[in-house]
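Structure file input21.txt; described as compact mmCIF, C-alpha atoms (C1' of nucleotides).
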```txt
# COMPACT_ATOMS: atom_id res chain seq x y z
CA MET H 91 -31.67 -12.39 3.03
CA TYR H 92 -28.19 -10.86 3.18
CA PRO H 93 -27.90 -9.86 6.83
CA ASN H 94 -24.21 -9.01 6.77
CA LEU H 95 -24.58 -6.58 3.89
CA VAL H 96 -27.45 -4.77 5.58
CA LYS H 97 -25.70 -4.73 8.93
CA GLN H 98 -22.56 -3.30 7.37
CA ILE H 99 -24.41 -0.54 5.50
CA ARG H 100 -26.41 0.39 8.60
CA ARG H 101 -23.18 1.10 10.44
CA TYR H 102 -22.88 4.18 8.23
CA VAL H 103 -26.33 5.21 6.95
CA LYS H 104 -30.03 4.63 7.68
CA LEU H 105 -31.81 1.95 5.69
CA ASP H 106 -35.39 0.91 6.45
CA GLU H 107 -36.99 -2.39 5.50
CA HIS H 108 -38.51 -1.03 2.32
CA GLU H 109 -35.16 0.38 1.27
CA VAL H 110 -33.50 -2.95 1.91
CA GLN H 111 -35.86 -4.46 -0.67
CA ILE H 112 -34.84 -1.80 -3.19
CA LEU H 113 -31.18 -2.54 -2.48
CA TYR H 114 -31.73 -6.25 -3.08
CA LYS H 115 -32.91 -5.54 -6.64
CA TYR H 116 -29.36 -4.40 -7.43
CA VAL H 117 -27.49 -7.17 -5.68
CA LYS H 118 -26.62 -10.55 -7.12
CA LEU H 119 -25.60 -13.56 -5.04
CA SER H 120 -22.91 -16.04 -6.08
CA SER H 121 -22.36 -19.14 -3.98
CA LEU H 122 -18.86 -20.27 -4.74
CA ASN H 123 -16.63 -23.15 -3.78
CA LYS H 124 -12.98 -22.93 -2.89
CA LYS H 125 -10.65 -21.58 -5.60
CA GLU H 126 -13.36 -20.16 -7.86
CA TYR H 127 -12.73 -16.88 -9.68
CA LEU H 128 -14.70 -13.63 -9.63
CA LEU H 129 -12.22 -11.83 -11.84
CA LYS H 130 -9.36 -12.98 -14.04
CA GLU H 131 -6.48 -11.09 -15.64
CA GLY H 132 -7.59 -9.49 -18.89
CA GLN H 133 -11.22 -9.00 -17.86
CA ILE H 134 -12.59 -5.57 -17.04
CA CYS H 135 -13.75 -5.28 -13.45
CA ARG H 136 -17.38 -4.25 -13.71
CA ALA H 137 -18.60 -4.99 -10.19
CA PHE H 138 -17.92 -4.35 -6.54
CA TYR H 139 -17.83 -7.59 -4.59
CA PHE H 140 -19.02 -7.94 -1.02
CA VAL H 141 -18.12 -10.93 1.12
CA GLU H 142 -21.37 -11.93 2.81
CA LYS H 143 -19.55 -14.98 4.16
CA GLY H 144 -16.19 -16.55 3.39
CA CYS H 145 -12.86 -15.22 2.22
CA LEU H 146 -11.30 -13.84 -0.97
CA ARG H 147 -7.83 -12.99 -2.17
CA MET H 148 -6.71 -10.62 -4.90
CA PHE H 149 -3.42 -11.34 -6.65
CA PHE H 150 -1.46 -10.83 -9.83
CA ILE H 151 1.23 -12.84 -11.58
CA ASN H 152 4.62 -11.19 -11.18
CA SER H 153 7.60 -11.32 -13.53
CA LYS H 154 8.80 -14.55 -11.93
CA MET H 155 5.44 -16.14 -12.75
CA ALA H 156 4.56 -16.28 -9.06
CA GLU H 157 1.22 -15.27 -7.56
CA GLN H 158 1.62 -12.04 -5.62
CA ILE H 159 -1.28 -11.37 -3.23
CA THR H 160 -2.13 -7.70 -2.71
CA GLN H 161 -5.34 -7.98 -0.69
CA PHE H 162 -7.55 -10.27 1.30
CA ALA H 163 -11.27 -9.76 1.90
CA LEU H 164 -13.11 -11.31 4.81
CA ASP H 165 -16.76 -11.34 5.88
CA GLY H 166 -18.18 -7.82 5.59
CA TRP H 167 -15.50 -6.40 3.28
CA TRP H 168 -15.69 -5.02 -0.23
CA ILE H 169 -13.17 -5.73 -2.94
CA ALA H 170 -12.68 -4.58 -6.53
CA ASP H 171 -10.00 -3.55 -8.99
CA TYR H 172 -10.74 0.17 -8.87
CA PHE H 173 -8.18 0.99 -11.50
CA SER H 174 -9.72 -1.36 -14.04
CA TYR H 175 -13.19 -0.19 -13.16
CA ILE H 176 -12.49 3.56 -13.34
CA ASP H 177 -10.47 3.53 -16.55
CA ASN H 178 -12.38 0.64 -18.12
CA LYS H 179 -9.12 -1.19 -18.70
CA PRO H 180 -8.40 -4.92 -18.57
CA SER H 181 -7.46 -5.94 -15.07
CA GLU H 182 -4.05 -7.33 -14.18
CA TYR H 183 -5.50 -9.09 -11.16
CA TYR H 184 -7.30 -12.25 -10.21
CA ILE H 185 -9.93 -12.28 -7.48
CA GLN H 186 -10.49 -15.77 -6.12
CA THR H 187 -12.21 -17.49 -3.22
CA ILE H 188 -9.92 -19.06 -0.64
CA GLU H 189 -12.77 -21.04 0.90
CA LYS H 190 -16.46 -21.75 0.19
CA SER H 191 -18.02 -18.27 0.07
CA GLU H 192 -21.22 -16.30 -0.44
CA ILE H 193 -20.36 -13.28 -2.57
CA LEU H 194 -22.67 -10.38 -3.41
CA SER H 195 -21.95 -8.23 -6.42
CA ILE H 196 -23.19 -4.82 -7.42
CA ASP H 197 -22.78 -4.04 -11.08
CA VAL H 198 -21.04 -0.68 -11.38
CA LEU H 199 -23.20 0.34 -14.32
CA SER H 200 -26.34 -0.01 -12.25
CA LEU H 201 -24.74 1.68 -9.23
CA ASP H 202 -25.85 5.09 -10.51
CA ASP H 203 -29.46 3.89 -10.68
CA LEU H 204 -29.22 2.46 -7.19
CA ILE H 205 -27.90 5.78 -5.91
CA LYS H 206 -30.80 7.59 -7.60
CA GLU H 207 -33.21 5.36 -5.70
CA LEU H 208 -31.27 5.37 -2.43
CA PRO H 209 -29.12 8.51 -2.19
CA GLN H 210 -27.69 7.45 1.16
CA ILE H 211 -25.78 4.71 -0.69
CA GLU H 212 -23.59 7.40 -2.21
CA ARG H 213 -22.69 8.54 1.29
CA TYR H 214 -22.11 4.95 2.37
CA PHE H 215 -19.65 4.35 -0.43
CA ARG H 216 -17.89 7.64 0.19
CA LEU H 217 -17.40 6.68 3.81
CA ILE H 218 -16.15 3.15 3.20
CA MET H 219 -13.79 4.37 0.48
CA GLN H 220 -12.43 6.81 3.02
CA LYS H 221 -12.02 4.00 5.49
CA ALA H 222 -10.28 1.81 2.92
CA LEU H 223 -7.93 4.70 2.18
CA ALA H 224 -7.15 5.08 5.88
CA ALA H 225 -6.37 1.36 6.07
CA SER H 226 -4.15 1.66 3.04
CA GLN H 227 -2.26 4.62 4.56
CA LEU H 228 -1.74 2.60 7.71
CA ARG H 229 -0.42 -0.43 5.85
CA THR H 230 2.01 1.80 3.96
CA LYS H 231 3.22 3.22 7.27
CA TYR H 232 3.74 -0.20 8.78
CA MET H 233 5.58 -1.47 5.74
CA SER H 234 7.98 1.43 5.79
CA GLU H 235 8.71 1.55 9.50
CA MET H 236 9.05 -2.15 10.27
CA THR H 237 11.54 -4.78 9.19
CA LYS H 238 10.01 -7.81 7.50
CA GLU H 239 10.38 -9.79 10.71
CA GLU H 240 8.53 -7.13 12.72
CA PHE H 241 5.91 -6.82 10.01
CA TYR H 242 5.21 -10.53 10.11
CA LEU H 243 5.06 -10.69 13.90
CA HIS H 244 2.83 -7.64 14.03
CA PHE H 245 0.48 -9.09 11.44
CA SER H 246 0.20 -12.51 12.98
CA SER H 247 -0.38 -11.15 16.46
CA SER H 248 -2.97 -8.71 15.11
CA PHE H 249 -4.88 -11.43 13.22
CA PRO H 250 -4.05 -14.73 14.95
CA ASP H 251 -7.24 -16.46 13.78
CA PHE H 252 -6.78 -15.33 10.20
CA VAL H 253 -3.23 -16.69 10.12
CA GLN H 254 -4.70 -20.08 11.08
CA ARG H 255 -7.43 -19.82 8.47
CA VAL H 256 -5.34 -19.42 5.30
CA PRO H 257 -2.17 -21.18 4.10
CA GLN H 258 1.16 -19.79 5.29
CA TYR H 259 2.41 -19.16 1.80
CA MET H 260 -0.46 -16.78 1.17
CA ILE H 261 0.37 -14.79 4.28
CA ALA H 262 3.98 -14.73 3.12
CA SER H 263 3.00 -13.51 -0.33
CA TYR H 264 0.74 -10.80 1.07
CA LEU H 265 3.44 -9.53 3.42
CA GLY H 266 6.07 -9.59 0.70
CA LEU H 267 8.34 -12.31 2.04
CA THR H 268 9.22 -15.86 1.10
CA PRO H 269 7.53 -18.94 2.60
CA GLU H 270 11.00 -20.11 3.68
CA TYR H 271 11.59 -16.99 5.70
CA VAL H 272 8.16 -17.19 7.36
CA SER H 273 9.00 -20.73 8.29
CA GLU H 274 12.25 -19.55 9.88
CA LEU H 275 10.41 -16.85 11.84
CA ARG H 276 7.83 -19.32 13.15
CA LYS H 277 10.58 -21.57 14.40
CA LYS H 278 12.16 -18.65 16.26
CA LYS H 279 8.93 -17.44 17.93
CA PRO H 280 6.29 -20.16 18.05
CA MET G 1453 -10.70 32.97 -6.96
CA TYR G 1454 -9.53 29.35 -6.66
CA PRO G 1455 -9.53 28.23 -10.29
CA ASN G 1456 -7.72 24.93 -9.73
CA LEU G 1457 -10.19 23.77 -7.09
CA VAL G 1458 -13.16 24.54 -9.31
CA LYS G 1459 -11.54 23.01 -12.37
CA GLN G 1460 -10.75 19.84 -10.44
CA ILE G 1461 -14.28 19.47 -9.05
CA ARG G 1462 -15.83 20.11 -12.46
CA ARG G 1463 -13.93 17.14 -13.87
CA TYR G 1464 -16.31 14.99 -11.84
CA VAL G 1465 -19.55 16.92 -11.15
CA LYS G 1466 -21.47 19.95 -12.37
CA LEU G 1467 -20.97 23.21 -10.49
CA ASP G 1468 -22.47 26.50 -11.71
CA GLU G 1469 -21.22 29.95 -10.80
CA HIS G 1470 -23.70 30.37 -7.97
CA GLU G 1471 -22.68 27.03 -6.52
CA VAL G 1472 -19.04 28.02 -6.71
CA GLN G 1473 -19.86 30.94 -4.43
CA ILE G 1474 -21.51 28.56 -1.95
CA LEU G 1475 -18.46 26.32 -2.05
CA TYR G 1476 -16.18 29.26 -1.32
CA LYS G 1477 -18.01 29.88 1.98
CA TYR G 1478 -16.62 26.57 3.21
CA VAL G 1479 -13.08 26.93 1.95
CA LYS G 1480 -10.24 28.68 3.73
CA LEU G 1481 -7.05 29.81 2.00
CA SER G 1482 -3.61 29.59 3.60
CA SER G 1483 -0.67 31.14 1.80
CA LEU G 1484 2.37 29.38 3.15
CA ASN G 1485 6.09 29.63 2.71
CA LYS G 1486 8.50 26.75 2.34
CA LYS G 1487 8.63 24.33 5.30
CA GLU G 1488 5.46 25.50 7.04
CA TYR G 1489 3.20 22.95 8.71
CA LEU G 1490 -0.48 22.20 8.16
CA LEU G 1491 -0.49 19.30 10.61
CA LYS G 1492 1.91 18.11 13.29
CA GLU G 1493 2.21 14.86 15.17
CA GLY G 1494 -0.19 14.79 18.12
CA GLN G 1495 -2.80 17.06 16.53
CA ILE G 1496 -6.09 15.69 15.30
CA CYS G 1497 -6.54 16.09 11.55
CA ARG G 1498 -9.75 18.09 11.19
CA ALA G 1499 -9.49 19.24 7.59
CA PHE G 1500 -8.97 18.05 4.06
CA TYR G 1501 -6.23 20.04 2.34
CA PHE G 1502 -6.23 20.92 -1.34
CA VAL G 1503 -3.13 22.14 -3.11
CA GLU G 1504 -4.28 25.09 -5.21
CA LYS G 1505 -0.65 25.72 -6.08
CA GLY G 1506 2.61 24.35 -4.71
CA CYS G 1507 3.67 21.11 -3.14
CA LEU G 1508 3.22 19.24 0.15
CA ARG G 1509 4.72 16.21 1.79
CA MET G 1510 3.30 13.98 4.52
CA PHE G 1511 5.75 12.17 6.78
CA PHE G 1512 6.21 10.59 10.18
CA ILE G 1513 9.21 10.11 12.44
CA ASN G 1514 10.31 6.48 12.46
CA SER G 1515 12.03 4.55 15.23
CA LYS G 1516 15.44 5.75 14.05
CA MET G 1517 14.25 9.34 14.45
CA ALA G 1518 14.32 9.83 10.69
CA GLU G 1519 11.60 11.49 8.64
CA GLN G 1520 9.76 8.88 6.58
CA ILE G 1521 7.71 10.38 3.73
CA THR G 1522 4.53 8.49 2.86
CA GLN G 1523 2.90 10.88 0.41
CA PHE G 1524 3.41 13.92 -1.74
CA ALA G 1525 0.67 16.26 -2.93
CA LEU G 1526 1.01 18.47 -5.99
CA ASP G 1527 -1.25 21.10 -7.60
CA GLY G 1528 -4.80 19.79 -7.73
CA TRP G 1529 -4.41 17.00 -5.16
CA TRP G 1530 -6.07 16.46 -1.81
CA ILE G 1531 -4.26 15.28 1.28
CA ALA G 1532 -5.32 14.37 4.84
CA ASP G 1533 -4.66 11.88 7.60
CA TYR G 1534 -7.88 9.91 7.13
CA PHE G 1535 -7.17 7.65 10.05
CA SER G 1536 -6.85 10.52 12.50
CA TYR G 1537 -9.88 12.23 11.01
CA ILE G 1538 -12.18 9.18 11.05
CA ASP G 1539 -11.31 7.96 14.53
CA ASN G 1540 -10.69 11.41 15.98
CA LYS G 1541 -7.27 10.29 17.15
CA PRO G 1542 -4.04 12.27 17.39
CA SER G 1543 -2.13 12.03 14.13
CA GLU G 1544 1.27 10.41 13.86
CA TYR G 1545 2.05 12.46 10.78
CA TYR G 1546 3.32 15.86 9.76
CA ILE G 1547 2.01 17.64 6.68
CA GLN G 1548 4.40 20.31 5.48
CA THR G 1549 4.95 22.53 2.46
CA ILE G 1550 8.01 21.73 0.36
CA GLU G 1551 7.80 25.04 -1.45
CA LYS G 1552 5.76 28.29 -1.25
CA SER G 1553 2.17 27.09 -1.59
CA GLU G 1554 -1.47 28.14 -1.71
CA ILE G 1555 -3.43 25.61 0.33
CA LEU G 1556 -7.20 25.41 0.64
CA SER G 1557 -8.76 23.63 3.58
CA ILE G 1558 -12.23 22.31 4.17
CA ASP G 1559 -13.09 21.71 7.78
CA VAL G 1560 -14.43 18.18 8.13
CA LEU G 1561 -17.05 19.27 10.64
CA SER G 1562 -18.56 21.68 8.14
CA LEU G 1563 -18.29 19.18 5.30
CA ASP G 1564 -21.72 17.77 6.15
CA ASP G 1565 -23.24 21.25 5.88
CA LEU G 1566 -21.51 21.82 2.56
CA ILE G 1567 -22.90 18.53 1.28
CA LYS G 1568 -26.41 19.55 2.38
CA GLU G 1569 -26.09 22.71 0.32
CA LEU G 1570 -24.33 21.06 -2.63
CA PRO G 1571 -25.20 17.34 -2.76
CA GLN G 1572 -22.97 16.78 -5.79
CA ILE G 1573 -19.96 17.34 -3.51
CA GLU G 1574 -20.72 14.02 -1.86
CA ARG G 1575 -20.42 12.36 -5.24
CA TYR G 1576 -17.24 14.28 -5.98
CA PHE G 1577 -15.59 13.06 -2.81
CA ARG G 1578 -16.76 9.51 -3.38
CA LEU G 1579 -15.18 9.55 -6.83
CA ILE G 1580 -11.87 11.06 -5.78
CA MET G 1581 -11.60 8.68 -2.82
CA GLN G 1582 -12.11 5.87 -5.30
CA LYS G 1583 -9.39 7.31 -7.48
CA ALA G 1584 -7.02 7.68 -4.54
CA LEU G 1585 -7.70 4.06 -3.65
CA ALA G 1586 -6.91 2.98 -7.20
CA ALA G 1587 -3.63 4.91 -7.03
CA SER G 1588 -2.85 3.27 -3.73
CA GLN G 1589 -3.54 -0.22 -5.13
CA LEU G 1590 -1.23 0.56 -8.03
CA ARG G 1591 1.59 1.76 -5.79
CA THR G 1592 1.28 -1.40 -3.71
CA LYS G 1593 1.53 -3.48 -6.87
CA TYR G 1594 4.61 -1.65 -8.08
CA MET G 1595 6.31 -1.94 -4.70
CA SER G 1596 5.77 -5.66 -4.57
CA GLU G 1597 6.75 -6.54 -8.12
CA MET G 1598 9.81 -4.35 -8.56
CA THR G 1599 13.20 -4.33 -6.93
CA LYS G 1600 14.18 -1.03 -5.32
CA GLU G 1601 16.34 -0.23 -8.33
CA GLU G 1602 13.47 -0.82 -10.76
CA PHE G 1603 11.09 1.10 -8.50
CA TYR G 1604 13.37 4.12 -8.49
CA LEU G 1605 13.96 4.06 -12.24
CA HIS G 1606 10.27 3.62 -12.91
CA PHE G 1607 9.38 6.51 -10.62
CA SER G 1608 11.94 8.92 -11.98
CA SER G 1609 11.07 8.17 -15.58
CA SER G 1610 7.36 8.53 -14.79
CA PHE G 1611 7.80 11.89 -13.06
CA PRO G 1612 11.02 13.40 -14.44
CA ASP G 1613 9.98 16.97 -13.67
CA PHE G 1614 8.94 16.15 -10.13
CA VAL G 1615 12.28 14.48 -9.43
CA GLN G 1616 13.93 17.77 -10.39
CA ARG G 1617 11.55 19.79 -8.24
CA VAL G 1618 12.17 18.21 -4.83
CA PRO G 1619 15.40 17.19 -3.05
CA GLN G 1620 16.79 13.73 -3.80
CA TYR G 1621 16.64 12.62 -0.21
CA MET G 1622 12.88 13.16 -0.15
CA ILE G 1623 12.41 10.99 -3.21
CA ALA G 1624 14.59 8.38 -1.54
CA SER G 1625 12.54 8.50 1.65
CA TYR G 1626 9.26 8.23 -0.25
CA LEU G 1627 10.47 5.24 -2.23
CA GLY G 1628 11.85 3.54 0.86
CA LEU G 1629 15.55 3.65 0.05
CA THR G 1630 18.58 5.47 1.34
CA PRO G 1631 19.97 8.66 -0.25
CA GLU G 1632 23.28 6.80 -0.67
CA TYR G 1633 21.66 4.10 -2.76
CA VAL G 1634 19.81 6.63 -4.92
CA SER G 1635 23.11 8.33 -5.51
CA GLU G 1636 24.61 5.01 -6.63
CA LEU G 1637 21.69 4.43 -9.02
CA ARG G 1638 22.02 7.88 -10.55
CA LYS G 1639 25.68 7.26 -11.23
CA LYS G 1640 24.82 4.02 -13.02
CA LYS G 1641 22.03 5.44 -15.21
CA PRO G 1642 22.25 9.21 -15.54
C1' DC M 761 32.24 34.23 2.00
C1' DG M 762 31.28 31.12 6.10
C1' DG M 763 28.08 27.70 7.64
C1' DT M 764 24.65 24.49 7.05
C1' DC M 765 22.16 21.54 4.17
C1' DT M 766 22.48 18.15 0.41
C1' DC M 767 24.76 14.78 -2.49
C1' DT M 768 28.51 11.46 -3.48
C1' DT M 769 32.01 7.62 -2.64
C1' DG M 770 33.63 3.43 -0.99
C1' DA M 771 34.22 -0.35 2.41
C1' DC M 772 31.71 -3.49 5.04
C1' DG M 773 27.92 -6.17 6.92
C1' DG M 774 23.55 -8.37 7.52
C1' DA M 775 18.55 -9.16 6.72
C1' DG M 776 16.22 -11.69 3.76
C1' DT M 777 16.28 -14.44 -0.90
C1' DT M 778 17.34 -18.42 -3.72
C1' DC M 779 17.88 -23.13 -4.58
C1' DA M 780 17.47 -27.92 -3.73
C1' DA M 781 15.75 -31.59 -1.20
C1' DA M 782 13.31 -33.84 2.30
C1' DG M 783 9.31 -34.16 5.47
C1' DC M 784 4.42 -33.38 6.29
C1' DT M 785 -0.62 -33.04 5.57
C1' DA M 786 -4.92 -33.15 3.69
C1' DG M 787 -7.91 -34.14 0.07
C1' DT M 788 -9.48 -37.71 -3.20
C1' DG M 789 -10.67 -41.79 -5.23
C1' DG M 790 -10.75 -46.65 -4.97
C1' DC N 814 -11.48 -46.15 5.64
C1' DC N 815 -7.13 -46.48 3.94
C1' DA N 816 -3.46 -45.31 0.55
C1' DC N 817 -1.68 -42.21 -2.69
C1' DT N 818 -0.44 -38.04 -4.37
C1' DA N 819 -0.12 -33.21 -4.94
C1' DG N 820 0.51 -29.39 -2.49
C1' DC N 821 2.38 -27.20 1.57
C1' DT N 822 6.06 -26.47 5.00
C1' DT N 823 10.63 -27.00 6.79
C1' DT N 824 15.90 -27.08 6.62
C1' DG N 825 20.27 -25.51 5.62
C1' DA N 826 23.90 -23.46 2.76
C1' DA N 827 25.26 -20.00 -0.41
C1' DC N 828 24.57 -15.62 -2.05
C1' DT N 829 23.10 -10.68 -2.93
C1' DC N 830 20.86 -6.47 -2.68
C1' DC N 831 20.87 -2.68 -0.25
C1' DG N 832 21.57 -0.42 4.32
C1' DT N 833 25.07 1.56 7.55
C1' DC N 834 28.88 4.28 8.62
C1' DA N 835 32.25 7.72 7.93
C1' DA N 836 34.22 11.26 5.40
C1' DG N 837 34.59 14.42 1.78
C1' DA N 838 32.71 17.48 -2.02
C1' DG N 839 29.22 20.58 -3.64
C1' DA N 840 25.54 23.82 -3.34
C1' DC N 841 22.74 27.16 -1.51
C1' DC N 842 21.48 31.11 1.54
C1' DG N 843 21.96 34.77 4.67
```

Exercise: express the given structure as structure tokens:
Amino acid sequence: MYPNLVKQIRRYVKLDEHEVQILYKYVKLSSLNKKEYLLKEGQICRAFYFVEKGCLRMFFINSKMAEQITQFALDGWWIADYFSYIDNKPSEYYIQTIEKSEILSIDVLSLDDLIKELPQIERYFRLIMQKALAASQLRTKYMSEMTKEEFYLHFSSSFPDFVQRVPQYMIASYLGLTPEYVSELRKKKP
Amino acid sequence: MYPNLVKQIRRYVKLDEHEVQILYKYVKLSSLNKKEYLLKEGQICRAFYFVEKGCLRMFFINSKMAEQITQFALDGWWIADYFSYIDNKPSEYYIQTIEKSEILSIDVLSLDDLIKELPQIERYFRLIMQKALAASQLRTKYMSEMTKEEFYLHFSSSFPDFVQRVPQYMIASYLGLTPEYVSELRKKKP
DNA sequence: CGGTCTCTTGACGGAGTTCAAAGCTAGTGG
DNA sequence: CCACTAGCTTTGAACTCCGTCAAGAGACCG
């Protein structure tokens, strides 16, 4: 039913067919069109979202009333506002589809029950959190050691297909530079 | 023996006295002076470090041969190079004491055994990884919505005691600005 | 006290932003 | 299937935040 979810979990822990059925009891599918929201500012984030297929962005509105993207999520990735979820506080973020997407959500309140039924899910989440933290450490390192020009070139050569897939201004926002400057850089090195 | 470690774990999971003794079998204490290293560039990070008392910094050497701090760790915090640990690759970071410190380390190879003996430790690590990720998301948000001036003022008013505790140039490095600019900001708003 | 870190000052420069306007492109409805 | 429009990208000029450099003043430690 949700092959990408199962494939992704099996990269870290064992999960037999029967257990997959148990897992499915806790998972809800949303089929969304472009620009639909999973989370809006002011709501409390009560679910982890998994991209079975498609693409999401997470952003907030900064003091200049502009959308500032902090994260993308592609096929096989999880996304959530962990701060809102842990402290049960209204989120300052939006999570929105960039294209037509199949999104799975696990309600965080039922996560404990799921873990009781399938203890290996606890391990799975520990491991992917660790991985997300590693990715976050790496991004911090890149941001601090590169100029904005280098950061852009590094990003677009690391993910050439992704750069084609989403609008330039979103890439710019995510990397912390202006669309105008990205445009200048593309002219320089096509 | 290690009251801060136990106190910190008990904020998330149950741990009776007998279990504390089991935990201690897996934990090694290092009493370090100022400027001693737990990890150096080129080594593989094979442990999670817990600050029982004292203060650590994690940094790398950037292209200008300057130390770039990416993280601090105070009493009750964990630190590690997750990237090096997960992929078993040589680290690009140094982890060093800023002051005389009591550091506990858990070898990552024995972590699985520890979890077999005390399954709640798996949950504990899942929860603190989640928390670290939330903190990381928040830092990213602050960095992208504030100017460097605002970022510095926000940081130093959020952690006034910490700013006193470590040298100015380390704060500057962590926040991604030059010591000269920090000096200018302090003159403006003392 | 001497020497080595650490912090401050000020002049200068440049990477990257801002603003305004024009040129494209793609989605939508007629 | 074409035309229209809203949204996206490009251009160029002016500007500014903050880094760089160099030199001096403190501060801390053996």

Could you check how far atom CA of H:Leu228 sits from atom CA of G:Met1622, in Å to one decimal?
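These two atoms are separated by 19.7 Å.
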
Separation of atom CA of G:Ser1553 from atom CA of G:Pro1455 in Å:
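These two atoms are separated by 14.6 Å.
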
Check which residues of chain H sit at most 9 Å from chain G using all atoms listed in the file, and return one row each with the closest pair of atoms and their distance in Å to one decimal, ordered by chain and rising number, as a tab-separated table.
```
residue	atom	partner	partner_atom	distance
H:Phe150	CA	G:Lys1593	CA	8.5
H:Asn152	CA	G:Glu1597	CA	6.0
H:Ser153	CA	G:Glu1597	CA	7.3
H:Gln158	CA	G:Ser1596	CA	7.7
H:Thr160	CA	G:Lys1593	CA	7.0
H:Asp171	CA	G:Ala1586	CA	7.4
H:Tyr172	CA	G:Ala1586	CA	5.0
H:Phe173	CA	G:Ala1586	CA	4.9
H:Ser174	CA	G:Ala1586	CA	8.6
H:Ile176	CA	G:Lys1583	CA	7.6
H:Glu212	CA	G:Arg1575	CA	6.6
H:Arg213	CA	G:Glu1574	CA	6.6
H:Phe215	CA	G:Arg1578	CA	6.6
H:Arg216	CA	G:Arg1578	CA	4.2
H:Leu217	CA	G:Arg1578	CA	7.8
H:Met219	CA	G:Met1581	CA	5.9
H:Gln220	CA	G:Met1581	CA	6.2
H:Lys221	CA	G:Tyr1534	CA	7.4
H:Ala222	CA	G:Leu1585	CA	7.4
H:Leu223	CA	G:Leu1585	CA	5.9
H:Ala224	CA	G:Phe1535	CA	4.9
H:Ala225	CA	G:Phe1535	CA	7.5
H:Ser226	CA	G:Ser1588	CA	7.1
H:Gln227	CA	G:Phe1535	CA	8.0
H:Leu228	CA	G:Phe1535	CA	7.8
H:Thr230	CA	G:Thr1522	CA	7.2
H:Lys231	CA	G:Thr1522	CA	7.0
H:Ser234	CA	G:Gly1628	CA	6.6
H:Glu235	CA	G:Asn1514	CA	6.0
H:Met236	CA	G:Ser1515	CA	8.9
H:Gly266	CA	G:Ser1596	CA	6.6
```

May I ask you to extract the residues of chain N within 12 Å of chain G, using all atoms listed in the file, and to give them as a PyMOL selection string?
chain N and resi 830-834

Residues of chain G within 12 Å of chain M, counting only C-alpha atoms (C1' of nucleotides), as a list in words:
Val1618, Pro1619, Gln1620, Tyr1621, Met1622, Thr1630, Pro1631, Glu1632, Tyr1633, Val1634, Ser1635, Glu1636, Leu1637, Arg1638 and Lys1639 of chain G

Just the number, please: distance in Å from atom CA of H:Ile211 to atom CA of H:Ile193, one decimal.
18.9 Å

Point out the residue among G:Trp1530, G:Tyr1594, G:Tyr1604, G:Tyr1546 with the least atom-to-atom distance to G:Lys1505, counting all atoms listed in the file.
G:Trp1530

Mind checking which residues fall within 10 Å of H:Glu189, counting all atoms listed in the file, ignoring those fewer than 6 positions away in the same chain, and posting them as a list in words?
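Within the cut-off, the hits are Leu122, Asn123, Lys124, Lys125, Glu126, Lys143, Gly144, Cys145, Leu146, Arg147, Arg255 and Val256 of chain H.
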
How would the residues just picked look written out with C-alpha atoms as an mmCIF file, keeping the file's coordinate frame?
```
data_model
loop_
_atom_site.group_PDB
_atom_site.id
_atom_site.type_symbol
_atom_site.label_atom_id
_atom_site.label_comp_id
_atom_site.auth_asym_id
_atom_site.auth_seq_id
_atom_site.Cartn_x
_atom_site.Cartn_y
_atom_site.Cartn_z
ATOM 1 C CA LEU H 122 -18.860 -20.270 -4.740
ATOM 2 C CA ASN H 123 -16.630 -23.150 -3.780
ATOM 3 C CA LYS H 124 -12.980 -22.930 -2.890
ATOM 4 C CA LYS H 125 -10.650 -21.580 -5.600
ATOM 5 C CA GLU H 126 -13.360 -20.160 -7.860
ATOM 6 C CA LYS H 143 -19.550 -14.980 4.160
ATOM 7 C CA GLY H 144 -16.190 -16.550 3.390
ATOM 8 C CA CYS H 145 -12.860 -15.220 2.220
ATOM 9 C CA LEU H 146 -11.300 -13.840 -0.970
ATOM 10 C CA ARG H 147 -7.830 -12.990 -2.170
ATOM 11 C CA ARG H 255 -7.430 -19.820 8.470
ATOM 12 C CA VAL H 256 -5.340 -19.420 5.300
#
```

Hey, could you pull the box centre and edge lengths for stretch 772-783 of chain M, axis-aligned, 4 Å padding per side, all listed atoms, to one decimal in Å, as lines of an AutoDock Vina configuration file?
```
center_x = 20.5
center_y = -18.8
center_z = 1.5
size_x = 30.4
size_y = 38.7
size_z = 20.1
```
